[in-house]
Structures are given as C-alpha cells and as structure tokens.
Amino acid sequence: MNFIKFRKNVILILWILAPAIQVGCASKSKSAGLGSAIGASSGAALGGIVDPGNNGQYRTRNVIIGAGLGAIAGGLTGASIYENNERDKELSYLKGKEAGRKSSQSKATPLLQEPKIEAIWVESKVLGNRYIEGHFEYIISEPTRWEAPQ
C-alpha cells in the first residue's frame with residue numbers, strides 16, 4: 001500500500017514539473033533538467049521492475065536508486081545534446097557567413113530602381129448607407145525593376 005502512495009506522489013510531482021521544465025527557450029540548464037526528469041522517471045520505473053526481494057522489501061530502495069542513476073545519466077545526456085546543438089548552430093552560422101562573403105566578393109548585387117507611384121485624392125462621398133471620408137489612393141504606375149550593372 002505504501003508503494004502505491006509513493007508512486008502516486010512521484011507521478012503527481014512529475015506531472016507538475018514537466019510543463020515547468022519544457023516552457024521557455026532552451027538553455028543548458030533546461031536541457032539538463034529535462035534530461036534529468038526523463039531519466040529519473042525512466043530509472044524509477046526500471047527500479048520498480050527490478051527484483052524487489054522478499055515481499056517487496058527492496059522495491060523502494062530500487063526505485064530511489066534507479067531514479068538517482070537515471071537523473072544523473074539523463075542530465076549528462078541532455079547537457080551533451082544541448083552542447084552538440086549549439087556547436088552545430090555555430091558551425092552553420094560560420095559557414096553561412098563565409099558563403100556570403102565569397103558571393104559578395106565574386107560579383108556585385110544588382111540594384112533595384114524605385115517604383116513610380118501616383119497619389120490621387122478621392123473626395124468624401126456617401127455610398128448607400130456608408131460615408132467614405134476623403135483620402136489618398138496610391139497607384140503604382142511603373143513597378144520596380146532591376147538596374148543593369150555598369
């Protein structure tokens with residue numbers, strides 16, 4: 001009976017903490033925390049399955065040890081995955097920056113001409129049961145175009 005109460009408390013705590021860990025932007029501590037939470041719950045579940053001894057006398061000990069080891073392994077895994085993702089982001093940024101530098105050195109980017117726009121004043125008017133106040137309407141007479149490089 002004591003184990004069922006313990007299990008319900010662990011599930012309740014994990015149910016409350018899971019959204020708090022997952023909310024917000026990723027940081028190393030949140031990644032490690034999420035890994036620890038997942039590892040602890042997995043370790044506790046495996047600890048509950050492992051040989052409980054006579055009449056389940058070692059079950060609580062196994063659950064606690066499993067949760068502790070799972071939390072440590074999950075935390076290390078979460079932190080490692082976060083560091084790999086950060087390293088990959090940095091490498092991608094540097095590759096993109098280098099590619100941009102190479103393309104800008106090889107040829108000039110053509111410029112765009114300004115579009116030609118006409119402004120027409122429309123007087124106030126009543127249209128059915130609507131009153132439309134006077135306003136400007138803008139019309140693009142010539143769209144933007146690429147300028148030929150010189």
# chains A, B, ... in the order shown; residues from 1 in each chain; ligands from 1
call {"tool": "select_by_dssp", "arguments": {"residues": "chain A", "states": "strand (DSSP E)", "output": "count of residues only"}}
result
21
call {"tool": "residues_around", "arguments": {"residues": "region 46-53 of chain A", "least_positions_apart": "5", "cutoff": "8 Å", "atoms": "only C-alpha atoms", "output": "count of residues only"}}
result
9
call {"tool": "atom_distance", "arguments": {"atom1": "CA of Val122 (chain A)", "atom2": "CA of Ile140 (chain A)"}}
result
16.2 Å
call {"tool": "closest_atom_pairs", "arguments": {"of": "region 47-134 of chain A", "to": "region 31-41 of chain A", "cutoff": "10 Å", "atoms": "only C-alpha atoms", "output": "CSV"}}
result
residue,atom,partner,partner_atom,distance
A:Gly47,CA,A:Ser41,CA,9.7
A:Val63,CA,A:Ser41,CA,9.4
A:Ile64,CA,A:Ala40,CA,9.0
A:Ile65,CA,A:Ala40,CA,9.4
A:Gly66,CA,A:Ala40,CA,7.1
A:Ala67,CA,A:Ala40,CA,4.1
A:Gly68,CA,A:Ala40,CA,6.2
A:Leu69,CA,A:Ala40,CA,7.2
A:Gly70,CA,A:Gly39,CA,4.1
A:Ala71,CA,A:Ser36,CA,4.0
A:Ile72,CA,A:Ser36,CA,6.3
A:Ala73,CA,A:Gly39,CA,6.5
A:Gly74,CA,A:Gly35,CA,4.2
A:Gly75,CA,A:Ser36,CA,4.3
A:Leu76,CA,A:Ala32,CA,6.6
A:Thr77,CA,A:Gly35,CA,6.5
A:Gly78,CA,A:Ala32,CA,4.5
A:Ala79,CA,A:Ala32,CA,4.8
A:Ser80,CA,A:Ala32,CA,8.3
A:Ile81,CA,A:Ser31,CA,8.0
A:Tyr82,CA,A:Ser31,CA,6.4
A:Glu83,CA,A:Ser31,CA,9.6
call {"tool": "select_by_dssp", "arguments": {"residues": "region 68-136 of chain A", "states": "alpha helix (DSSP H)", "output": "PyMOL selection string"}}
result
chain A and resi 68-106
call {"tool": "residues_around", "arguments": {"residues": "Glu123 (chain A)", "least_positions_apart": "3", "cutoff": "10 Å", "atoms": "only C-alpha atoms", "output": "ChimeraX atom specification"}}
result
/A:120,132-136
call {"tool": "write_last_selection", "arguments": {"atoms": "C-alpha atoms", "output": "short mmCIF file (atom, residue, chain, number, x, y, z; two decimals), in the first residue's frame"}}
result
data_model
loop_
_atom_site.label_atom_id
_atom_site.label_comp_id
_atom_site.auth_asym_id
_atom_site.auth_seq_id
_atom_site.Cartn_x
_atom_site.Cartn_y
_atom_site.Cartn_z
CA ILE A 120 -4.84 60.61 -56.29
CA ILE A 132 -16.47 57.41 -47.02
CA GLU A 133 -14.19 60.22 -45.90
CA GLY A 134 -11.81 61.85 -48.40
CA HIS A 135 -8.50 60.06 -48.72
CA PHE A 136 -5.50 59.46 -50.95
#
call {"tool": "closest_residue", "arguments": {"among": "A:Pro110, A:Ala119, A:Gly43, A:Gly128", "to": "Trp146 (chain A)", "atoms": "only C-alpha atoms"}}
result
A:Pro110
call {"tool": "closest_residue", "arguments": {"among": "A:Tyr131, A:Lys125, A:Lys28, A:Leu112", "to": "Pro143 (chain A)", "atoms": "only C-alpha atoms"}}
result
A:Leu112
